Amino acid sequence: MGQSFRDVVAWQRAVEMTTAIYMLTANFPATEKFGLTNQLRRAAVSVASNIAEGYGRTTRGEYIQFLGHARGSNCEVETQLVIAAQLGFGASPQMQRAEQLCADVSRLLGSLMRALRENH
């Protein structure tokens with residue numbers, strides 16, 4: 001492992017995804033401020049936060065558990081992006097960027113969890 005959770009590529013991509021989600025939701029209808037906008041932002045922030053928290057835990061098992069939480073939050077983001085797209089919220093290029101980053105985070109989390117389980 002690196003010196004910090006900041007060295008974890010999944011964390012870096014999750015932060016990038018969160019920034020993309022904030023930019024995307026800035027253009028959502030004002031009526032969604034406390035609805036889908038808030039839900040998407042909170043779920044996105046949770047992904048990177050759980051990766052960081054897991055990294056800071058004492059054992060590999062705890063780290064894997066928090067990566068699982070991050071993966072769950074990432075699935076929330078993915079689901080909420082589908083709903084937002086179906087409602088016609090957000091500009092297409094911004095939506096595509098957020099969806100791609102979400103997929104990248106999912107792949108990276110899966111790989112990281114596998115590697116941690118195999119290298120114990």
# chains A, B, ... in the order shown; residues from 1 in each chain; ligands from 1
call {"tool": "closest_atom_pairs", "arguments": {"of": "stretch 16-90 of chain A", "to": "stretch 104-119 of chain A", "cutoff": "12 Å", "atoms": "only C-alpha atoms", "output": "Markdown table"}}
result
| residue | atom | partner | partner_atom | distance |
| --- | --- | --- | --- | --- |
| A:Glu16 | CA | A:Val105 | CA | 9.7 |
| A:Met17 | CA | A:Val105 | CA | 8.1 |
| A:Thr18 | CA | A:Val105 | CA | 10.8 |
| A:Ala44 | CA | A:Val105 | CA | 10.6 |
| A:Val47 | CA | A:Val105 | CA | 8.8 |
| A:Ala48 | CA | A:Val105 | CA | 9.6 |
| A:Asn50 | CA | A:Leu109 | CA | 11.2 |
| A:Ile51 | CA | A:Leu109 | CA | 8.9 |
| A:Gly54 | CA | A:Met113 | CA | 11.4 |
| A:Tyr55 | CA | A:Leu116 | CA | 11.5 |
| A:Thr59 | CA | A:Leu116 | CA | 10.9 |
| A:Arg60 | CA | A:Leu116 | CA | 7.2 |
| A:Gly61 | CA | A:Arg117 | CA | 8.5 |
| A:Glu62 | CA | A:Leu116 | CA | 11.0 |
| A:Tyr63 | CA | A:Leu116 | CA | 8.7 |
| A:Ile64 | CA | A:Met113 | CA | 6.0 |
| A:Gln65 | CA | A:Met113 | CA | 9.1 |
| A:Phe66 | CA | A:Met113 | CA | 10.0 |
| A:Leu67 | CA | A:Leu109 | CA | 6.8 |
| A:Gly68 | CA | A:Met113 | CA | 8.1 |
| A:His69 | CA | A:Leu109 | CA | 10.4 |
| A:Ala70 | CA | A:Leu109 | CA | 8.0 |
| A:Arg71 | CA | A:Ser106 | CA | 6.5 |
| A:Gly72 | CA | A:Ser106 | CA | 9.5 |
| A:Ser73 | CA | A:Ser106 | CA | 10.0 |
| A:Asn74 | CA | A:Ser106 | CA | 6.8 |
| A:Cys75 | CA | A:Ser106 | CA | 8.0 |
| A:Glu76 | CA | A:Ser106 | CA | 11.3 |
| A:Val77 | CA | A:Ser106 | CA | 10.5 |
| A:Glu78 | CA | A:Ser106 | CA | 9.5 |
call {"tool": "write_last_selection", "arguments": {"atoms": "N, CA and C atoms", "output": "CSV table (one decimal), in the first residue's frame"}}
result
chain,number,residue,atom,x,y,z
A,16,GLU,N,-12.8,12.4,-8.1
A,16,GLU,CA,-13.1,12.9,-9.5
A,16,GLU,C,-14.6,12.8,-9.8
A,17,MET,N,-15.1,11.6,-9.5
A,17,MET,CA,-16.6,11.3,-9.7
A,17,MET,C,-17.4,12.3,-8.9
A,18,THR,N,-17.1,12.5,-7.7
A,18,THR,CA,-17.9,13.4,-6.8
A,18,THR,C,-17.9,14.8,-7.4
A,44,ALA,N,-22.2,10.1,-3.5
A,44,ALA,CA,-20.9,10.2,-4.2
A,44,ALA,C,-19.8,10.5,-3.1
A,47,VAL,N,-18.6,7.5,-1.2
A,47,VAL,CA,-17.7,6.5,-1.9
A,47,VAL,C,-16.3,6.8,-1.5
A,48,ALA,N,-15.8,8.0,-1.7
A,48,ALA,CA,-14.4,8.4,-1.4
A,48,ALA,C,-14.2,8.3,0.1
A,50,ASN,N,-15.6,6.4,2.4
A,50,ASN,CA,-15.5,5.0,2.9
A,50,ASN,C,-14.1,4.4,2.5
A,51,ILE,N,-13.6,4.7,1.3
A,51,ILE,CA,-12.3,4.2,0.9
A,51,ILE,C,-11.3,4.8,1.9
A,54,GLY,N,-11.7,3.2,5.4
A,54,GLY,CA,-11.2,1.8,5.5
A,54,GLY,C,-9.7,1.8,5.5
A,55,TYR,N,-9.1,2.6,4.7
A,55,TYR,CA,-7.6,2.7,4.6
A,55,TYR,C,-7.0,3.0,6.0
A,59,THR,N,-7.1,-3.2,10.4
A,59,THR,CA,-6.9,-4.5,9.8
A,59,THR,C,-7.3,-4.5,8.3
A,60,ARG,N,-6.8,-5.5,7.6
A,60,ARG,CA,-7.2,-5.7,6.2
A,60,ARG,C,-8.7,-6.0,6.1
A,61,GLY,N,-9.2,-6.8,7.0
A,61,GLY,CA,-10.6,-7.1,7.0
A,61,GLY,C,-11.5,-5.9,7.1
A,62,GLU,N,-11.1,-5.0,8.0
A,62,GLU,CA,-11.9,-3.7,8.1
A,62,GLU,C,-11.8,-2.9,6.8
A,63,TYR,N,-10.6,-2.9,6.2
A,63,TYR,CA,-10.4,-2.1,5.0
A,63,TYR,C,-11.4,-2.7,3.9
A,64,ILE,N,-11.4,-4.0,3.8
A,64,ILE,CA,-12.3,-4.6,2.8
A,64,ILE,C,-13.7,-4.3,3.1
A,65,GLN,N,-14.1,-4.4,4.4
A,65,GLN,CA,-15.5,-4.0,4.8
A,65,GLN,C,-15.9,-2.6,4.3
A,66,PHE,N,-15.0,-1.7,4.5
A,66,PHE,CA,-15.3,-0.3,4.1
A,66,PHE,C,-15.3,-0.1,2.6
A,67,LEU,N,-14.4,-0.9,1.9
A,67,LEU,CA,-14.5,-0.9,0.5
A,67,LEU,C,-15.8,-1.4,0.0
A,68,GLY,N,-16.4,-2.4,0.7
A,68,GLY,CA,-17.7,-2.9,0.4
A,68,GLY,C,-18.8,-1.8,0.6
A,69,HIS,N,-18.6,-1.0,1.7
A,69,HIS,CA,-19.5,0.2,1.9
A,69,HIS,C,-19.4,1.1,0.7
A,70,ALA,N,-18.2,1.4,0.3
A,70,ALA,CA,-17.9,2.3,-0.8
A,70,ALA,C,-18.6,1.8,-2.1
A,71,ARG,N,-18.5,0.5,-2.3
A,71,ARG,CA,-19.1,-0.2,-3.5
A,71,ARG,C,-20.6,0.0,-3.4
A,72,GLY,N,-21.2,-0.2,-2.3
A,72,GLY,CA,-22.6,0.0,-2.1
A,72,GLY,C,-23.1,1.4,-2.4
A,73,SER,N,-22.3,2.4,-1.9
A,73,SER,CA,-22.6,3.8,-2.2
A,73,SER,C,-22.5,4.1,-3.7
A,74,ASN,N,-21.5,3.4,-4.3
A,74,ASN,CA,-21.3,3.6,-5.8
A,74,ASN,C,-22.4,3.1,-6.6
A,75,CYS,N,-23.0,2.0,-6.1
A,75,CYS,CA,-24.2,1.4,-6.7
A,75,CYS,C,-25.4,2.4,-6.6
A,76,GLU,N,-25.5,3.1,-5.4
A,76,GLU,CA,-26.5,4.1,-5.2
A,76,GLU,C,-26.3,5.2,-6.3
A,77,VAL,N,-25.1,5.7,-6.4
A,77,VAL,CA,-24.8,6.7,-7.4
A,77,VAL,C,-25.3,6.2,-8.8
A,78,GLU,N,-24.9,5.0,-9.2
A,78,GLU,CA,-25.2,4.5,-10.5
A,78,GLU,C,-26.7,4.5,-10.7
call {"tool": "residues_around", "arguments": {"residues": "stretch 86-93 of chain A", "least_positions_apart": "2", "cutoff": "8 Å", "atoms": "only C-alpha atoms", "output": "VMD selection string"}}
result
chain A and resid 24 to 25 27 to 29 82 to 84 95 to 97
call {"tool": "residues_around", "arguments": {"residues": "A:Trp11", "least_positions_apart": "3", "cutoff": "8 Å", "atoms": "only C-alpha atoms", "output": "VMD selection string"}}
result
chain A and resid 5 to 8 14 to 15 47 to 48 51 to 52
call {"tool": "atom_distance", "arguments": {"atom1": "atom CA of A:Ala98", "atom2": "atom CA of A:Ala20"}}
result
5.6 Å
call {"tool": "atom_distance", "arguments": {"atom1": "atom CA of A:Ala10", "atom2": "atom CA of A:Gln39"}}
result
21.1 Å
call {"tool": "select_by_dssp", "arguments": {"residues": "chain A", "states": "alpha helix (DSSP H)", "output": "count of residues only"}}
result
91
call {"tool": "atom_distance", "arguments": {"atom1": "atom CA of A:Leu36", "atom2": "atom CA of A:Arg13"}}
result
21.8 Å
call {"tool": "closest_residue", "arguments": {"among": "A:Leu40, A:Met23, A:Thr58, A:Ser4", "to": "A:Gln80", "atoms": "only C-alpha atoms"}}
result
A:Leu40
call {"tool": "closest_residue", "arguments": {"among": "A:Glu99, A:Ser49, A:Arg42, A:Arg57", "to": "A:Ala85", "atoms": "only C-alpha atoms"}}
result
A:Glu99
